[in-house]
Each structure stands twice: as structure tokens, then as C-alpha cells.
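S.K.: What follows is a single structure, and I will ask about it in a moment.
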Amino acid sequence: MCEYCGCQALETIDELTQEHDEVLRLISHLRPAHRNGETTRMAQTAREIARVLGPHTLVEEEGLFPALAGDFPDQIAALEAEHRRIESVLDEAADGATPADPDWPDRLMDAMAVLRDHILKEQDGVFPAALANLGTEEWEAVEAARTRAGSTLSRPAA
């Protein structure tokens with residue numbers, strides 16, 4: 001993904017980027033499962049994607065997005081709406097369920113296409129805008145959101 005603006009030098013943006021990378025890796029597992037009609041495997045992968053996106057979305061919506069909403073209200077509102085759309089489809093596979101709706105696999109694939117585009121908007125727009133526009137207090141709020149959310153990324157032992 002993006003490396004041109006230097007925003008990944010910030011730990012929070014680097015973590016968000018790593019989570020994006022993990023989500024994209026997981027999405028790549030959905031294509032063969034969808035092609036082979038493996039709905040149970042798709043549901044398992046959807047749960048993994050939701051597990052990564054849970055804390056990720058909290059950091060964005062409680063930290064990053066509020067800090068940018070004053071300058072970019074329409075863009076932030078659109079990103080939040082995409083979060084809801086994606087979560088809605090992923091939630092159908094929550095709690096170990098394999099959705100019985102025969103249209104769910106296609107809806108999941110459509111939602112994942114939205115998610116891939118969404119990630120690009122964040123990587124190429126939101127993260128560089130945050131680097132350019134946020135002050136110390138706003139970054140502290142983003143960091144506080146990360147502390148509350150935790151992370152699904154594995155960390156090397158100290």
C-alpha cells in the first residue's frame with residue numbers, strides 16, 4: 001500500500017495499515033471459497049475479517065474520523081456508511097453461524113469489493129490527510145482510541 005507521504009512512520013497509522021494488509025490477505029481467501037461454493041469457509045473467513053476490523057474501526061471512528069470530520073464531513077460520513085454496510089454483511093456470519101441465505105456469498109463478495117475500495121480511500125486519502133492536518137491533541141485522541149480498542153496484530157516479544 002501507500003508509502004509515499006510518510007504517514008506510516010506514525011505508529012497508529014502503521015498499525016491501521018498493517019490491519020488493512022491483513023484484511024486484504026483474508027479477502028484473497030474468499031475468492032476461491034466463493035468459486036467452489038464453500039459457504040462455511042467463507043463464513044469462517046468473514047469472522048476473521050470482522051475480528052481484525054473490530055478494533056480497527058473503533059480507532060477510526062472514535063479517534064481518526066472525528067478529528068477529520070470538520071474539514072472533510074462528506075468524505076468521513078461516506079466512510080462511516082461503508083463501515084456499516086460492510087459490518088452488516090459480516091455480522092450475518094457472527095457467532096459461528098453459516099448464513100442460510102443463498103444470496104449471502106454474493107453479498108459478501110460485493111461487500112468485500114467495497115472494503116477493498118474503502119481501504120484505498122483510507123490509505124491514499126485519510127491517512128495522508130491526518131498526517132497533514134492533525135495536531136498533538138487530536139493524535140492523542142487517536143492514540144487513546146487505539147488503547148481502548150486494542151489490536152489483533154501479533155507483537156514480537158519485548
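Each chain in the C-alpha cells gets a letter, A, B, ..., in the order shown, and its residues are numbered from 1; ligands are numbered from 1 in order too.
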Taking a cut-off of 8 Å and counting only C-alpha atoms, can you build a table that, for each residue of region 101-149 of chain A near region 14-27 of chain A, reports the nearest atom pair and how far apart they are in Å (one decimal), sorted by chain then residue number, as JSON lines?
M.R.:
{"residue": "A:Met112", "atom": "CA", "partner": "A:Ile27", "partner_atom": "CA", "distance": 6.9}
{"residue": "A:Arg116", "atom": "CA", "partner": "A:Leu24", "partner_atom": "CA", "distance": 7.2}
{"residue": "A:Ile119", "atom": "CA", "partner": "A:His20", "partner_atom": "CA", "distance": 6.6}
{"residue": "A:Gln123", "atom": "CA", "partner": "A:Thr17", "partner_atom": "CA", "distance": 7.3}
S.K.: Could you save those same residues with N, CA and C atoms as a CSV table (one decimal), in the first residue's frame?
M.R.:
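Result went into result16.csv, see below:
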chain,number,residue,atom,x,y,z
A,112,MET,N,-17.0,-7.1,0.1
A,112,MET,CA,-15.5,-7.1,0.1
A,112,MET,C,-14.9,-6.2,-1.0
A,116,ARG,N,-12.3,-3.3,-0.2
A,116,ARG,CA,-11.1,-3.0,-0.9
A,116,ARG,C,-11.0,-1.6,-1.4
A,119,ILE,N,-10.5,0.7,1.7
A,119,ILE,CA,-9.1,0.7,2.2
A,119,ILE,C,-8.2,1.6,1.4
A,123,GLN,N,-6.1,4.7,2.8
A,123,GLN,CA,-4.6,4.7,2.6
A,123,GLN,C,-4.1,5.9,1.8
S.K.: Going by DSSP on the backbone, which bits of region 45-115 of chain A are alpha helix (DSSP H)? Write them as an MDAnalysis selection string, please.
M.R.: chainID A and resid 45:59 65:69 73:91 104:115
S.K.: Give me the residues within 8 Å of Thr152 (chain A) as a list in words, counting only C-alpha atoms and dropping any in the same chain fewer than 6 places off.
M.R.: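 Final neighbour list, sorted by chain and number: Arg51, Val52 and Pro55 of chain A.
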S.K.: What lies within 12 Å of Gly54 (chain A) using only C-alpha atoms, ignoring chain neighbours under 2 positions off, as a list in words?
M.R.: Leu16, Glu19, Val23, Arg47, Glu48, Ile49, Ala50, Arg51, Val52, His56, Thr57, Leu58, Val59, Glu60, Glu61, His83, Arg84, Ile86, Glu87, Leu90, Asp91, Arg146, Arg148, Ala149, Gly150, Ser151 and Thr152 of chain A
S.K.: Write a file of the selected residues as a short mmCIF file (atom, residue, chain, number, x, y, z; two decimals), in the first residue's frame, keeping N, CA and C atoms.
M.R.:
data_model
loop_
_atom_site.label_atom_id
_atom_site.label_comp_id
_atom_site.auth_asym_id
_atom_site.auth_seq_id
_atom_site.Cartn_x
_atom_site.Cartn_y
_atom_site.Cartn_z
N LEU A 16 -2.84 0.69 11.62
CA LEU A 16 -4.03 0.66 10.77
C LEU A 16 -3.69 0.09 9.40
N GLU A 19 -3.29 -3.63 9.63
CA GLU A 19 -4.62 -4.26 9.70
C GLU A 19 -5.25 -4.30 8.31
N VAL A 23 -6.48 -7.67 6.36
CA VAL A 23 -7.83 -7.81 5.80
C VAL A 23 -7.74 -8.16 4.32
N ARG A 47 -15.63 -14.09 9.64
CA ARG A 47 -15.43 -13.87 11.09
C ARG A 47 -14.01 -13.37 11.38
N GLU A 48 -13.03 -13.90 10.66
CA GLU A 48 -11.65 -13.43 10.83
C GLU A 48 -11.51 -11.97 10.40
N ILE A 49 -12.14 -11.63 9.29
CA ILE A 49 -12.11 -10.24 8.83
C ILE A 49 -12.77 -9.34 9.87
N ALA A 50 -13.91 -9.75 10.39
CA ALA A 50 -14.61 -8.96 11.41
C ALA A 50 -13.75 -8.81 12.67
N ARG A 51 -13.01 -9.85 13.03
CA ARG A 51 -12.15 -9.80 14.22
C ARG A 51 -11.07 -8.72 14.05
N VAL A 52 -10.50 -8.61 12.87
CA VAL A 52 -9.49 -7.59 12.61
C VAL A 52 -10.13 -6.21 12.52
N HIS A 56 -9.99 -1.99 14.65
CA HIS A 56 -9.59 -1.08 13.60
C HIS A 56 -10.64 0.02 13.40
N THR A 57 -11.89 -0.40 13.29
CA THR A 57 -12.98 0.54 13.07
C THR A 57 -13.16 1.46 14.27
N LEU A 58 -12.99 0.93 15.48
CA LEU A 58 -13.10 1.76 16.67
C LEU A 58 -12.05 2.88 16.65
N VAL A 59 -10.83 2.57 16.29
CA VAL A 59 -9.77 3.58 16.22
C VAL A 59 -10.14 4.65 15.21
N GLU A 60 -10.65 4.22 14.07
CA GLU A 60 -11.03 5.20 13.05
C GLU A 60 -12.21 6.04 13.51
N GLU A 61 -13.25 5.40 14.00
CA GLU A 61 -14.49 6.13 14.28
C GLU A 61 -14.48 6.90 15.60
N HIS A 83 -18.53 1.52 6.44
CA HIS A 83 -18.31 0.65 7.60
C HIS A 83 -19.59 -0.09 7.96
N ARG A 84 -20.70 0.62 8.04
CA ARG A 84 -21.98 -0.02 8.42
C ARG A 84 -22.39 -1.07 7.40
N ILE A 86 -20.48 -2.86 5.35
CA ILE A 86 -19.58 -3.99 5.44
C ILE A 86 -19.87 -4.81 6.71
N GLU A 87 -20.02 -4.11 7.83
CA GLU A 87 -20.31 -4.79 9.10
C GLU A 87 -21.61 -5.58 9.02
N LEU A 90 -20.89 -8.85 7.25
CA LEU A 90 -20.02 -9.69 8.09
C LEU A 90 -20.77 -10.22 9.31
N ASP A 91 -21.64 -9.40 9.90
CA ASP A 91 -22.38 -9.79 11.10
C ASP A 91 -23.28 -11.00 10.87
N ARG A 146 -6.93 3.88 20.19
CA ARG A 146 -6.19 2.63 19.97
C ARG A 146 -6.00 1.88 21.27
N ARG A 148 -7.95 1.94 23.89
CA ARG A 148 -9.26 1.35 24.22
C ARG A 148 -9.57 0.15 23.35
N ALA A 149 -9.25 0.25 22.07
CA ALA A 149 -9.60 -0.80 21.10
C ALA A 149 -8.71 -2.03 21.21
N GLY A 150 -7.45 -1.82 21.56
CA GLY A 150 -6.50 -2.91 21.50
C GLY A 150 -6.14 -3.18 20.06
N SER A 151 -5.55 -4.32 19.82
CA SER A 151 -5.11 -4.67 18.48
C SER A 151 -5.19 -6.18 18.30
N THR A 152 -5.42 -6.59 17.08
CA THR A 152 -5.40 -8.01 16.76
C THR A 152 -4.07 -8.41 16.15
#
S.K.: Please determine, counting only C-alpha atoms, which residue among A:Pro105, A:Ala145, A:Ala113, A:Thr136 has the shortest atom-to-atom distance to Asn36 (chain A).
M.R.: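 Once distances to Asn36 (chain A) are computed over only C-alpha atoms, the minimum belongs to A:Pro105.
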S.K.: Near region 63-78 of chain A, counting only C-alpha atoms, which residues have an atom at most 7 Å away, once you skip same-chain residues fewer than 6 positions from it, shown as a VMD selection string?
M.R.: chain A and resid 130 134 138 141 to 142 145
S.K.: Please provide as a list in words all residues within 12 Å of Ala100 (chain A), with the sequence filter that same-chain residues fewer than 6 positions apart are discarded (counting only C-alpha atoms).
M.R.: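 Surrounding residues, per the criterion: Thr39, Thr40, Ala43, Glu92 and Ala93 of chain A.
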S.K.: Using CA of Ile13 (chain A) and CA of Ala129 (chain A) as the two end points, give the distance in Å to one decimal.
M.R.: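 Value for the CA of Ile13 (chain A)-CA of Ala129 (chain A) distance: 11.5 Å.
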